[in-house]
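K.L.:
Attaching a single structure in structure tokens format; questions to follow.
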Amino acid sequence: MLVRLRPTSAFKCWDQLLVALLLAPLAVGLLGVVIERLFLRHLYQVEPVYGLLLTFGIALIAEGIMRSLFGSSGKSYPVPALLQGGFNLVFMVLPIYSAWVVLASVTVCGLTWFLIERTPLGREVARRTENARLVQAFGINVPLMVMCTYGAGVALAALAGVLAAPVIQVSPLMGSSLVIVVFAVVVIGGMGSIVGAIVSGLVLGLIEGLTKVVYRRPPTSSSSSSWQWC
């Protein structure tokens, strides 16, 4: 049965998505700044693995708090009516929202690359990673730069979560399945390489998507863990 949404409902859902795209990165970015000021800045003189373990532990704590408050079952997030439907590409049907997410992701990646690689601010960030003391000797506030960089990175993660919300269910566990993929992207793309991270993320995403198309679970037996050829 087809349900026709009223224009007011369509724009209301669209407005909610736009508000989430603005507020979620801002709120999570501010939270990241607080975490960096309270915890991470004390670990810059030791091995980077300690910072990795600290942030992983904080993520587990946050996940446990969210599970106790909202439960572990996912919550659906509606696709705005203006982005519902799909494009018939003969060999597949591409949802309009998925195309919009791809376009938004490419735009954000391009802007991030341009900011890091082609602006004076990006060059200062790169110099800080190589020799923080030398950069600070030129009068640059390195702690402030690190704080803002970390906050911006956390805000980008929140933006990705909002974009993925209508595609996957929103739950405290929605980021757990991506940890291994993120590590693989960093290792394959190379530490400090924006282009490498983008390319490796795209390749791994395509491989994962193709495996979901080619292989699927048997629809009649939910308890079976075997995979079959489509």
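Chain labels run A, B, ... following the order of the structure tokens; each chain numbers its residues from 1, and ligands are numbered from 1 in the order shown.
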As an MDAnalysis selection string, please: the residues near range 37-41 of chain A (cut-off 9 Å, only C-alpha atoms, same-chain neighbours under 3 positions excluded).

P.N.:
chainID A and resid 32:34 44:45 51 54:55 143 146:147

K.L.:
For Pro166 in chain A, list every protein, DNA or RNA residue within 7 Å, evaluated using only C-alpha atoms, and leave out those in the same chain fewer than 5 positions away; present the list as a short mmCIF file (atom, residue, chain, number, x, y, z; two decimals) with N, CA and C atoms, in the first residue's frame.

P.N.:
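Full text of around_29.cif as output:
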```cif
data_model
loop_
_atom_site.label_atom_id
_atom_site.label_comp_id
_atom_site.auth_asym_id
_atom_site.auth_seq_id
_atom_site.Cartn_x
_atom_site.Cartn_y
_atom_site.Cartn_z
N SER A 76 14.76 3.41 14.24
CA SER A 76 14.74 3.81 12.84
C SER A 76 14.69 5.32 12.70
N TYR A 77 15.32 5.82 11.66
CA TYR A 77 15.33 7.25 11.36
C TYR A 77 14.78 7.42 9.96
N PRO A 78 13.66 8.13 9.80
CA PRO A 78 13.00 8.18 8.48
C PRO A 78 13.82 8.96 7.46
N VAL A 79 13.73 8.50 6.22
CA VAL A 79 14.33 9.23 5.11
C VAL A 79 13.40 10.37 4.74
#
```

K.L.:
Could you check the closest approach to Leu144 in chain A for each of A:Gly192, A:Val125, A:Val213, A:Leu31 and tell me which residue wins, using only C-alpha atoms?

P.N.:
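Closest candidate: A:Val125.
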
K.L.:
Using only C-alpha atoms, which of A:Leu26, A:Val170, A:Leu159, A:Leu82 sits nearest Ala104 in chain A?

P.N.:
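Looking at the shortest contact to Ala104 in chain A, the residue is A:Leu159.
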